[in-house]
$ cat input36.txt   # compact mmCIF, C-alpha atoms and all ligand atoms
# COMPACT_ATOMS: atom_id res chain seq x y z
CA MET Q 1075 7.60 -7.10 16.52
CA LYS Q 1076 9.68 -10.14 15.59
CA ASN Q 1077 11.17 -10.25 12.14
CA GLY Q 1078 10.77 -13.07 9.62
CA VAL Q 1079 8.28 -15.11 11.66
CA LYS Q 1080 4.52 -15.59 11.50
CA LEU Q 1081 2.54 -13.04 13.50
CA TYR Q 1082 -0.68 -13.71 15.39
CA ASP Q 1083 -3.58 -11.45 16.35
CA THR Q 1084 -4.97 -11.19 19.90
CA ASP Q 1085 -7.29 -14.15 19.20
CA GLY Q 1086 -4.25 -16.29 18.37
CA ASN Q 1087 -5.04 -16.41 14.64
CA GLU Q 1088 -2.40 -15.82 12.01
CA LEU Q 1089 -2.20 -12.18 10.99
CA HIS Q 1090 -2.77 -11.54 7.26
CA ALA Q 1091 -1.74 -8.02 6.27
CA HIS Q 1092 0.86 -8.19 3.51
CA GLY Q 1093 1.78 -5.38 1.15
CA GLY Q 1094 -0.11 -3.26 3.64
CA HIS Q 1095 -0.40 0.12 5.27
CA MET Q 1096 -1.18 1.64 8.66
CA LEU Q 1097 -3.51 4.53 9.39
CA PHE Q 1098 -3.45 6.31 12.76
CA HIS Q 1099 -6.96 7.44 13.66
CA ASN Q 1100 -8.47 8.46 17.03
CA GLY Q 1101 -5.75 6.77 19.08
CA TRP Q 1102 -5.69 3.52 17.11
CA TYR Q 1103 -3.27 2.23 14.52
CA TYR Q 1104 -5.23 0.40 11.82
CA TRP Q 1105 -3.22 -2.11 9.83
CA TYR Q 1106 -4.67 -3.04 6.43
CA GLY Q 1107 -3.13 -5.60 4.17
CA GLU Q 1108 -3.53 -8.41 1.69
CA ASP Q 1109 -5.42 -11.45 2.94
CA ARG Q 1110 -5.52 -14.12 0.24
CA ARG Q 1111 -7.61 -16.72 2.03
CA ASP Q 1112 -10.86 -17.91 0.42
CA ASN Q 1113 -12.85 -14.95 -0.91
CA ILE Q 1114 -11.02 -12.36 1.21
CA TYR Q 1115 -8.94 -9.59 -0.33
CA VAL Q 1116 -8.08 -7.11 2.45
CA SER Q 1117 -8.16 -7.51 6.24
CA CYS Q 1118 -7.93 -4.93 9.01
CA TYR Q 1119 -6.35 -5.17 12.46
CA ARG Q 1120 -5.91 -2.47 15.06
CA SER Q 1121 -3.61 -1.74 17.97
CA ALA Q 1122 -3.06 1.06 20.47
CA ASP Q 1123 0.45 -0.06 21.46
CA LEU Q 1124 1.76 -1.25 18.06
CA GLU Q 1125 2.42 -4.65 19.55
CA HIS Q 1126 -0.93 -6.38 20.16
CA TRP Q 1127 -3.11 -6.58 17.07
CA GLU Q 1128 -6.82 -7.13 17.28
CA PHE Q 1129 -8.56 -8.50 14.19
CA ARG Q 1130 -11.32 -6.04 13.21
CA CYS Q 1131 -12.79 -7.23 9.92
CA HIS Q 1132 -12.33 -8.38 6.39
CA SER Q 1133 -12.37 -4.91 4.80
CA LEU Q 1134 -12.80 -6.14 1.25
CA THR Q 1135 -13.97 -9.49 -0.05
CA ALA Q 1136 -15.43 -10.85 -3.28
CA ASP Q 1137 -18.85 -10.24 -1.69
CA SER Q 1138 -18.27 -6.64 -0.58
CA PRO Q 1139 -20.89 -4.06 -1.56
CA THR Q 1140 -20.16 -2.26 -4.81
CA ALA Q 1141 -21.13 1.15 -6.11
CA PRO Q 1142 -20.13 2.76 -9.40
CA ILE Q 1143 -19.39 6.17 -7.91
CA ARG Q 1144 -17.07 8.32 -9.99
CA VAL Q 1145 -14.68 5.49 -10.79
CA ARG Q 1146 -15.93 3.25 -13.56
CA SER Q 1147 -13.97 0.37 -14.87
CA ASP Q 1148 -13.73 -0.57 -18.53
CA LEU Q 1149 -15.62 -3.71 -17.63
CA ALA Q 1150 -18.43 -1.75 -16.01
CA LEU Q 1151 -18.59 0.47 -19.07
CA SER Q 1152 -18.76 -2.37 -21.57
CA HIS Q 1153 -21.54 -4.06 -19.59
CA GLU Q 1154 -23.42 -0.81 -19.33
CA ILE Q 1155 -23.23 -0.47 -23.08
CA ALA Q 1156 -24.55 -4.00 -23.29
CA GLY Q 1157 -27.52 -2.87 -21.19
CA GLU Q 1158 -26.44 -4.28 -17.84
CA ARG Q 1159 -26.13 -2.30 -14.66
CA ALA Q 1160 -22.62 -1.11 -13.96
CA ASP Q 1161 -22.62 -2.27 -10.35
CA ILE Q 1162 -23.34 -5.85 -11.43
CA ALA Q 1163 -20.36 -5.65 -13.75
CA ILE Q 1164 -18.19 -4.41 -10.89
CA VAL Q 1165 -19.32 -7.35 -8.76
CA ARG Q 1166 -18.09 -9.54 -11.60
CA GLU Q 1167 -14.85 -7.59 -11.59
CA MET Q 1168 -14.34 -8.54 -7.94
CA GLY Q 1169 -14.62 -12.21 -8.76
CA GLY Q 1170 -17.98 -12.92 -7.09
CA ASN Q 1171 -18.07 -16.69 -6.85
CA ARG Q 1172 -16.45 -17.04 -10.26
CA CYS Q 1173 -12.71 -16.75 -9.75
CA ARG Q 1174 -10.31 -14.91 -7.51
CA VAL Q 1175 -8.93 -11.63 -8.75
CA ASN Q 1176 -5.71 -10.13 -7.38
CA ILE Q 1177 -5.94 -7.21 -4.98
CA GLU Q 1178 -2.48 -6.09 -3.86
CA ARG Q 1179 -0.89 -3.37 -1.73
CA PRO Q 1180 -4.06 -1.83 -0.22
CA LYS Q 1181 -3.53 1.63 1.37
CA VAL Q 1182 -6.10 3.68 3.31
CA LEU Q 1183 -6.43 7.40 4.08
CA TYR Q 1184 -9.10 9.34 5.93
CA ASN Q 1185 -10.64 12.15 3.88
CA ARG Q 1186 -11.59 15.07 6.17
CA LEU Q 1187 -13.84 16.68 3.56
CA THR Q 1188 -16.17 13.72 3.11
CA GLY Q 1189 -15.52 11.86 6.38
CA LYS Q 1190 -14.83 8.70 4.35
CA PHE Q 1191 -11.99 6.23 4.64
CA VAL Q 1192 -10.65 5.73 1.14
CA MET Q 1193 -8.72 2.65 0.05
CA TRP Q 1194 -6.54 2.53 -3.07
CA MET Q 1195 -5.04 -0.72 -4.30
CA HIS Q 1196 -3.61 -2.61 -7.24
CA TYR Q 1197 -6.15 -4.66 -9.21
CA GLU Q 1198 -5.44 -7.57 -11.57
CA ASN Q 1199 -7.91 -10.04 -13.09
CA GLY Q 1200 -6.48 -13.09 -11.30
CA MET Q 1201 -5.18 -14.75 -14.46
CA ASN Q 1202 -2.31 -12.42 -15.36
CA TYR Q 1203 -0.91 -8.97 -14.61
CA HIS Q 1204 -2.02 -7.37 -17.89
CA ASP Q 1205 -4.86 -5.15 -16.59
CA ALA Q 1206 -2.44 -3.12 -14.42
CA ARG Q 1207 -5.16 -0.99 -12.82
CA CYS Q 1208 -5.70 0.84 -9.60
CA ALA Q 1209 -8.96 0.37 -7.70
CA VAL Q 1210 -10.81 2.44 -5.09
CA ALA Q 1211 -13.07 1.51 -2.17
CA THR Q 1212 -14.62 3.60 0.62
CA CYS Q 1213 -16.06 3.14 4.09
CA ASP Q 1214 -17.65 5.35 6.77
CA THR Q 1215 -15.52 3.78 9.49
CA PRO Q 1216 -11.89 2.63 9.50
CA ASP Q 1217 -12.78 -0.94 10.40
CA GLY Q 1218 -16.00 -1.59 8.52
CA GLU Q 1219 -16.63 -3.34 5.21
CA PHE Q 1220 -15.55 -1.13 2.34
CA THR Q 1221 -17.69 -0.44 -0.72
CA TYR Q 1222 -15.83 -1.21 -3.93
CA HIS Q 1223 -15.93 1.47 -6.65
CA GLY Q 1224 -14.19 -0.32 -9.50
CA SER Q 1225 -10.77 -0.18 -11.12
CA PHE Q 1226 -9.22 1.94 -13.85
CA ASN Q 1227 -6.00 2.94 -15.58
CA PRO Q 1228 -5.14 6.46 -14.37
CA PHE Q 1229 -5.12 8.72 -17.45
CA GLY Q 1230 -4.91 5.49 -19.42
CA CYS Q 1231 -1.62 4.46 -17.79
CA MET Q 1232 -0.68 1.06 -16.45
CA SER Q 1233 -0.69 1.09 -12.66
CA ARG Q 1234 0.78 -1.75 -10.59
CA ASP Q 1235 2.72 -1.53 -7.28
CA CYS Q 1236 1.40 1.50 -5.47
CA THR Q 1237 1.15 3.60 -2.35
CA LEU Q 1238 -0.70 6.63 -0.95
CA PHE Q 1239 0.85 9.60 0.80
CA GLU Q 1240 -1.00 12.43 2.52
CA ASP Q 1241 0.70 15.80 2.83
CA GLY Q 1242 -1.55 18.13 4.82
CA ASP Q 1243 -4.86 18.16 2.95
CA THR Q 1244 -3.34 16.93 -0.30
CA ALA Q 1245 -2.98 13.25 -1.08
CA TYR Q 1246 -0.89 11.51 -3.70
CA PHE Q 1247 -1.17 8.11 -5.33
CA ILE Q 1248 2.15 6.73 -6.55
CA SER Q 1249 2.24 3.73 -8.85
CA ALA Q 1250 4.45 1.81 -11.24
CA ALA Q 1251 3.56 2.60 -14.87
CA ARG Q 1252 4.74 1.62 -18.38
CA ASP Q 1253 5.25 -2.05 -17.48
CA ASN Q 1254 6.89 -0.90 -14.24
CA ALA Q 1255 9.60 1.11 -16.03
CA ASP Q 1256 8.51 4.48 -14.54
CA LEU Q 1257 6.98 5.53 -11.26
CA HIS Q 1258 4.10 7.99 -11.60
CA VAL Q 1259 2.94 10.41 -8.91
CA TYR Q 1260 -0.70 11.51 -9.15
CA ARG Q 1261 -2.26 14.22 -7.03
CA LEU Q 1262 -5.71 13.04 -5.92
CA SER Q 1263 -8.96 14.97 -6.16
CA GLU Q 1264 -10.09 16.63 -2.93
CA ASP Q 1265 -12.34 13.70 -2.02
CA TYR Q 1266 -9.48 11.24 -2.71
CA LEU Q 1267 -11.74 9.24 -5.06
CA ASN Q 1268 -9.96 9.98 -8.30
CA VAL Q 1269 -6.67 11.14 -9.79
CA ASP Q 1270 -6.66 14.88 -10.39
CA GLU Q 1271 -3.36 15.34 -12.15
CA GLN Q 1272 -0.24 13.35 -12.95
CA VAL Q 1273 2.46 15.49 -11.34
CA LYS Q 1274 5.61 13.40 -11.84
CA SER Q 1275 7.06 10.57 -13.86
CA LEU Q 1276 10.03 9.42 -11.80
CA TRP Q 1277 13.20 7.49 -12.61
CA GLN Q 1278 12.11 6.45 -16.06
CA GLY Q 1279 13.50 3.10 -17.11
CA GLU Q 1280 14.63 2.27 -13.54
CA TYR Q 1281 11.83 -0.24 -12.87
CA ARG Q 1282 11.04 0.78 -9.30
CA GLU Q 1283 8.34 -1.08 -7.38
CA ALA Q 1284 6.93 -1.16 -3.85
CA PRO Q 1285 7.04 2.62 -3.26
CA ALA Q 1286 6.78 3.92 0.33
CA VAL Q 1287 6.82 7.64 1.14
CA PHE Q 1288 7.43 9.56 4.36
CA LYS Q 1289 8.21 13.14 5.41
CA ARG Q 1290 10.82 14.07 7.97
CA GLU Q 1291 11.79 17.59 9.00
CA GLY Q 1292 10.16 19.07 5.91
CA LYS Q 1293 11.89 16.68 3.50
CA TYR Q 1294 10.17 13.94 1.51
CA TYR Q 1295 11.67 10.47 1.16
CA MET Q 1296 10.64 7.61 -1.07
CA LEU Q 1297 11.81 4.02 -0.66
CA SER Q 1298 11.35 1.51 -3.44
CA SER Q 1299 12.51 -1.89 -4.65
CA PHE Q 1300 13.69 -3.07 -8.03
CA CYS Q 1301 11.38 -5.26 -10.11
CA THR Q 1302 12.11 -8.98 -9.58
CA GLY Q 1303 8.68 -10.43 -8.75
CA TRP Q 1304 8.60 -12.10 -5.33
CA ALA Q 1305 12.40 -12.31 -5.11
CA PRO Q 1306 13.98 -9.61 -2.94
CA ASN Q 1307 16.45 -7.12 -4.38
CA GLN Q 1308 18.42 -3.97 -3.53
CA GLY Q 1309 16.23 -1.27 -2.00
CA LYS Q 1310 16.83 2.37 -2.87
CA TRP Q 1311 15.79 5.74 -1.49
CA ALA Q 1312 15.43 9.22 -2.91
CA SER Q 1313 14.41 12.57 -1.47
CA ALA Q 1314 12.74 15.81 -2.55
CA ASP Q 1315 11.84 19.19 -1.08
CA SER Q 1316 8.24 18.74 -2.20
CA MET Q 1317 6.17 15.88 -3.58
CA GLU Q 1318 5.73 17.72 -6.88
CA GLY Q 1319 9.26 19.04 -6.99
CA ARG Q 1320 12.50 17.55 -8.26
CA TRP Q 1321 13.34 14.14 -6.80
CA SER Q 1322 16.95 13.14 -6.24
CA MET Q 1323 18.74 10.25 -7.88
CA LEU Q 1324 18.33 6.83 -6.27
CA HIS Q 1325 20.66 5.81 -3.41
CA LEU Q 1326 21.18 2.36 -1.90
CA PHE Q 1327 19.02 1.33 1.04
CA GLY Q 1328 19.83 -1.83 3.05
CA ASP Q 1329 21.90 -4.63 1.56
CA GLU Q 1330 21.61 -6.27 -1.88
CA THR Q 1331 18.34 -7.98 -0.90
CA THR Q 1332 17.24 -5.25 1.56
CA TYR Q 1333 17.63 -7.97 4.21
CA ARG Q 1334 15.40 -10.25 2.16
CA SER Q 1335 12.49 -7.83 2.16
CA GLN Q 1336 10.43 -5.49 -0.02
CA PRO Q 1337 8.89 -2.24 1.28
CA ALA Q 1338 5.21 -2.19 2.24
CA PHE Q 1339 5.10 1.24 3.93
CA VAL Q 1340 6.91 3.53 6.36
CA LEU Q 1341 5.28 4.17 9.73
CA PRO Q 1342 5.97 7.47 11.51
CA VAL Q 1343 5.52 7.25 15.30
CA THR Q 1344 5.77 10.26 17.61
CA LYS Q 1345 7.36 9.36 20.95
CA ASP Q 1346 8.54 11.44 23.92
CA ASP Q 1347 11.92 12.01 22.28
CA GLY Q 1348 10.56 12.96 18.86
CA GLU Q 1349 9.43 11.30 15.66
CA HIS Q 1350 10.61 7.83 14.68
CA PHE Q 1351 10.22 6.15 11.31
CA TYR Q 1352 9.86 2.42 10.78
CA TYR Q 1353 10.52 0.47 7.61
CA ILE Q 1354 7.75 -2.13 7.41
CA ALA Q 1355 8.19 -4.69 4.71
CA ASP Q 1356 7.28 -8.12 3.43
CA ARG Q 1357 9.61 -11.07 3.31
CA TRP Q 1358 7.73 -12.86 0.56
CA ASN Q 1359 7.78 -16.57 0.04
CA GLY Q 1360 6.94 -16.65 -3.65
CA LYS Q 1361 6.61 -20.46 -3.70
CA GLN Q 1362 4.31 -20.55 -0.67
CA TYR Q 1363 2.68 -17.14 -0.45
CA PHE Q 1364 1.15 -18.02 2.94
CA ASP Q 1365 4.62 -18.56 4.42
CA SER Q 1366 5.51 -14.91 3.74
CA THR Q 1367 6.48 -12.95 6.86
CA TYR Q 1368 7.09 -9.32 7.87
CA ILE Q 1369 10.14 -7.18 8.57
CA PHE Q 1370 10.19 -4.16 10.93
CA LEU Q 1371 13.32 -2.00 11.18
CA GLU Q 1372 13.80 1.49 12.51
CA ILE Q 1373 15.03 3.89 9.84
CA GLN Q 1374 18.06 5.80 11.07
CA PHE Q 1375 19.51 8.98 9.59
CA ASP Q 1376 23.14 10.00 9.26
CA GLU Q 1377 24.37 13.56 9.81
CA ALA Q 1378 23.46 14.55 6.26
CA GLY Q 1379 19.91 13.26 6.82
CA ASN Q 1380 20.45 10.19 4.63
CA PRO Q 1381 18.25 7.29 5.74
CA TYR Q 1382 19.64 3.80 6.41
CA ILE Q 1383 18.64 0.57 8.12
CA GLU Q 1384 20.55 -2.11 9.98
CA TYR Q 1385 19.18 -5.57 10.46
CA ALA Q 1386 17.90 -6.66 13.88
CA ASP Q 1387 15.78 -9.67 14.89
CA GLU Q 1388 13.08 -7.53 16.40
CA CYS Q 1389 11.86 -3.97 16.62
CA VAL Q 1390 9.85 -2.03 19.20
CA LEU Q 1391 7.42 0.21 17.32
CA GLY Q 1392 5.39 1.67 20.17
C1 LIG N 1401 6.19 -7.94 -6.81
C2 LIG N 1401 5.23 -6.92 -6.25
C3 LIG N 1401 4.21 -7.66 -5.43
C4 LIG N 1401 3.53 -8.68 -6.33
C5 LIG N 1401 4.57 -9.59 -6.96
C6 LIG N 1401 3.96 -10.58 -7.92
O1 LIG N 1401 7.18 -7.32 -7.57
O2 LIG N 1401 5.90 -5.98 -5.46
O3 LIG N 1401 3.28 -6.76 -4.87
O4 LIG N 1401 2.84 -8.02 -7.34
O5 LIG N 1401 5.52 -8.83 -7.65
O6 LIG N 1401 4.95 -11.28 -8.61

$ encode --input "input36.txt" --output "structure tokens"
Amino acid sequence: MKNGVKLYDTDGNELHAHGGHMLFHNGWYYWYGEDRRDNIYVSCYRSADLEHWEFRCHSLTADSPTAPIRVRSDLALSHEIAGERADIAIVREMGGNRCRVNIERPKVLYNRLTGKFVMWMHYENGMNYHDARCAVATCDTPDGEFTYHGSFNPFGCMSRDCTLFEDGDTAYFISAARDNADLHVYRLSEDYLNVDEQVKSLWQGEYREAPAVFKREGKYYMLSSFCTGWAPNQGKWASADSMEGRWSMLHLFGDETTYRSQPAFVLPVTKDDGEHFYYIADRWNGKQYFDSTYIFLEIQFDEAGNPYIEYADECVLG
């Protein structure tokens, strides 16, 4: 994968998967990410070799099916009170043909209990970033159209930049709360459709965004950026012995702009010589969002197990 350039799918079309996430399922890597064209919100590509990406579908659009299962937004609730059906209100929440909302940082996990693919993301109303909600969508297949289940503030908290992390059969949703000042970790319910408990409030007052979690040799690592909008800043990492345990202080990761990038996710890949971890990030162009590109760098570890990256023009993931 070449760094800092536009990427194309196997049909030769530009690849749109920013702020994204990859899910490995039945031999395929599925790459989900932001697609801001027209009425599209999230697109899905897949690859077996982590080099050639086949476009699969627009996973979530303004016209996606909606269902008010478990998660009900404030909007849905107020319309229900007004005598309207909640699902109609959720369609409105998605923009319909009214106006574009903002769906950012989509992440997808497979739930073994229900057999559903569950997407969590950051929802904003399209006019400002004041709603600060997470949203949930589900699908029976990894590369089908997801059903949107609405947005909400977990336990009433603001929720912006976010990620998912699965640890065995337990999944966590991590998101920036209190106007991005703190990073909350929520353990999800068994079906991954709701937050079950807020288990941590990390680095209060440190304004960490773009969280990305991975586990290596029994230790948990979290990368994050500082909060400067589309402009890149110094990345940091921290570690813990368990997701719900005590997290370390923040340590520097990359250079002062993290090589002009912001974390999207970390991809673990098992190869013949063991497990490798890749830092996959966005190099945003805040003035021209569609000129944003991607960064792929292998995460290396020093003797103490501290992660670091060095810049290279390209990276072999597979
Ligand atoms: C960044 C965030 C992006 C997007 C952007 C908007 O800090 O990581 O996902 O929300 O702000 O300015």

$ closest_atom_pairs --input "input36.txt" --of "segment 1309-1328 of chain Q" --to "segment 1264-1284 of chain Q" --cutoff "9 Å" --atoms "only C-alpha atoms" --output "CSV"
residue,atom,partner,partner_atom,distance
Q:Lys1310,CA,Q:Arg1282,CA,8.8
Q:Met1317,CA,Q:Val1273,CA,8.6
Q:Glu1318,CA,Q:Val1273,CA,6.0
Q:Gly1319,CA,Q:Lys1274,CA,8.3
Q:Arg1320,CA,Q:Lys1274,CA,8.8
Q:Trp1321,CA,Q:Leu1276,CA,7.6
Q:Met1323,CA,Q:Trp1277,CA,7.8
Q:Leu1324,CA,Q:Trp1277,CA,8.2

$ residues_near_point --input "input36.txt" --point "(10.4, 1.7, 6.5)" --cutoff "12 Å" --atoms "only C-alpha atoms" --output "short mmCIF file (atom, residue, chain, number, x, y, z; two decimals) with C-alpha atoms, in the coordinates of the input"
data_model
loop_
_atom_site.label_atom_id
_atom_site.label_comp_id
_atom_site.auth_asym_id
_atom_site.auth_seq_id
_atom_site.Cartn_x
_atom_site.Cartn_y
_atom_site.Cartn_z
CA GLY Q 1094 -0.11 -3.26 3.64
CA HIS Q 1095 -0.40 0.12 5.27
CA MET Q 1096 -1.18 1.64 8.66
CA ALA Q 1284 6.93 -1.16 -3.85
CA PRO Q 1285 7.04 2.62 -3.26
CA ALA Q 1286 6.78 3.92 0.33
CA VAL Q 1287 6.82 7.64 1.14
CA PHE Q 1288 7.43 9.56 4.36
CA LYS Q 1289 8.21 13.14 5.41
CA TYR Q 1295 11.67 10.47 1.16
CA MET Q 1296 10.64 7.61 -1.07
CA LEU Q 1297 11.81 4.02 -0.66
CA SER Q 1298 11.35 1.51 -3.44
CA SER Q 1299 12.51 -1.89 -4.65
CA GLY Q 1309 16.23 -1.27 -2.00
CA LYS Q 1310 16.83 2.37 -2.87
CA TRP Q 1311 15.79 5.74 -1.49
CA PHE Q 1327 19.02 1.33 1.04
CA GLY Q 1328 19.83 -1.83 3.05
CA THR Q 1332 17.24 -5.25 1.56
CA SER Q 1335 12.49 -7.83 2.16
CA GLN Q 1336 10.43 -5.49 -0.02
CA PRO Q 1337 8.89 -2.24 1.28
CA ALA Q 1338 5.21 -2.19 2.24
CA PHE Q 1339 5.10 1.24 3.93
CA VAL Q 1340 6.91 3.53 6.36
CA LEU Q 1341 5.28 4.17 9.73
CA PRO Q 1342 5.97 7.47 11.51
CA VAL Q 1343 5.52 7.25 15.30
CA HIS Q 1350 10.61 7.83 14.68
CA PHE Q 1351 10.22 6.15 11.31
CA TYR Q 1352 9.86 2.42 10.78
CA TYR Q 1353 10.52 0.47 7.61
CA ILE Q 1354 7.75 -2.13 7.41
CA ALA Q 1355 8.19 -4.69 4.71
CA ASP Q 1356 7.28 -8.12 3.43
CA TYR Q 1368 7.09 -9.32 7.87
CA ILE Q 1369 10.14 -7.18 8.57
CA PHE Q 1370 10.19 -4.16 10.93
CA LEU Q 1371 13.32 -2.00 11.18
CA GLU Q 1372 13.80 1.49 12.51
CA ILE Q 1373 15.03 3.89 9.84
CA GLN Q 1374 18.06 5.80 11.07
CA PRO Q 1381 18.25 7.29 5.74
CA TYR Q 1382 19.64 3.80 6.41
CA ILE Q 1383 18.64 0.57 8.12
CA GLU Q 1384 20.55 -2.11 9.98
CA CYS Q 1389 11.86 -3.97 16.62
CA LEU Q 1391 7.42 0.21 17.32
#

$ residues_near_ligand --input "input36.txt" --ligand "ligand LIG 1401 (chain N)" --cutoff "7 Å" --atoms "only C-alpha atoms and all ligand atoms" --output "ChimeraX atom specification"
/Q:1093,1178-1179,1235,1283-1284,1301-1304

$ residues_around --input "input36.txt" --residues "segment 1249-1252 of chain Q" --least-positions-apart "6" --cutoff "6 Å" --atoms "all atoms listed in the file" --output "ChimeraX atom specification"
/Q:1232-1236,1258

$ residues_near_point --input "input36.txt" --point "(-4.0, -3.8, -0.1)" --cutoff "12 Å" --atoms "all atoms listed in the file" --output "PyMOL selection string"
chain Q and resi 1090-1096+1105-1110+1114-1118+1132-1135+1176-1182+1192-1197+1208-1211+1234-1238+1284+1338-1339

$ atom_distance --input "input36.txt" --atom1 "atom CA of Glu1088 of chain Q" --atom2 "atom CA of Asn1113 of chain Q"
16.6 Å

$ atom_distance --input "input36.txt" --atom1 "atom CA of Gly1169 of chain Q" --atom2 "atom CA of Tyr1104 of chain Q"
25.9 Å

$ closest_residue --input "input36.txt" --among "Q:Asp1137, Q:Asp1205, Q:Asp1365, Q:Glu1198" --to "Tyr1222 of chain Q" --atoms "only C-alpha atoms"
Q:Asp1137

$ atom_distance --input "input36.txt" --atom1 "atom CA of Tyr1294 of chain Q" --atom2 "atom CA of Asp1347 of chain Q"
20.9 Å

$ axis_aligned_box --input "input36.txt" --around "segment 1356-1369 of chain Q" --padding-each-side "3 Å" --output "AutoDock Vina command-line options"
--center_x 5.6 --center_y -13.9 --center_z 2.4 --size_x 15.0 --size_y 19.4 --size_z 18.3

$ closest_residue --input "input36.txt" --among "Q:Leu1089, Q:Asn1199, Q:Gly1348, Q:Met1075" --to "Asp1123 of chain Q" --atoms "all atoms listed in the file"
Q:Met1075

$ closest_residue --input "input36.txt" --among "Q:Asp1346, Q:Asp1083, Q:Asp1376, Q:Asp1387" --to "Arg1130 of chain Q" --atoms "all atoms listed in the file"
Q:Asp1083

$ closest_residue --input "input36.txt" --among "Q:Gly1292, Q:Pro1216, Q:Gly1200, Q:Gly1242" --to "Asn1100 of chain Q" --atoms "only C-alpha atoms"
Q:Pro1216

$ closest_residue --input "input36.txt" --among "Q:Arg1290, Q:Cys1231, Q:Ala1312, Q:Tyr1363" --to "Asn1254 of chain Q" --atoms "only C-alpha atoms"
Q:Cys1231
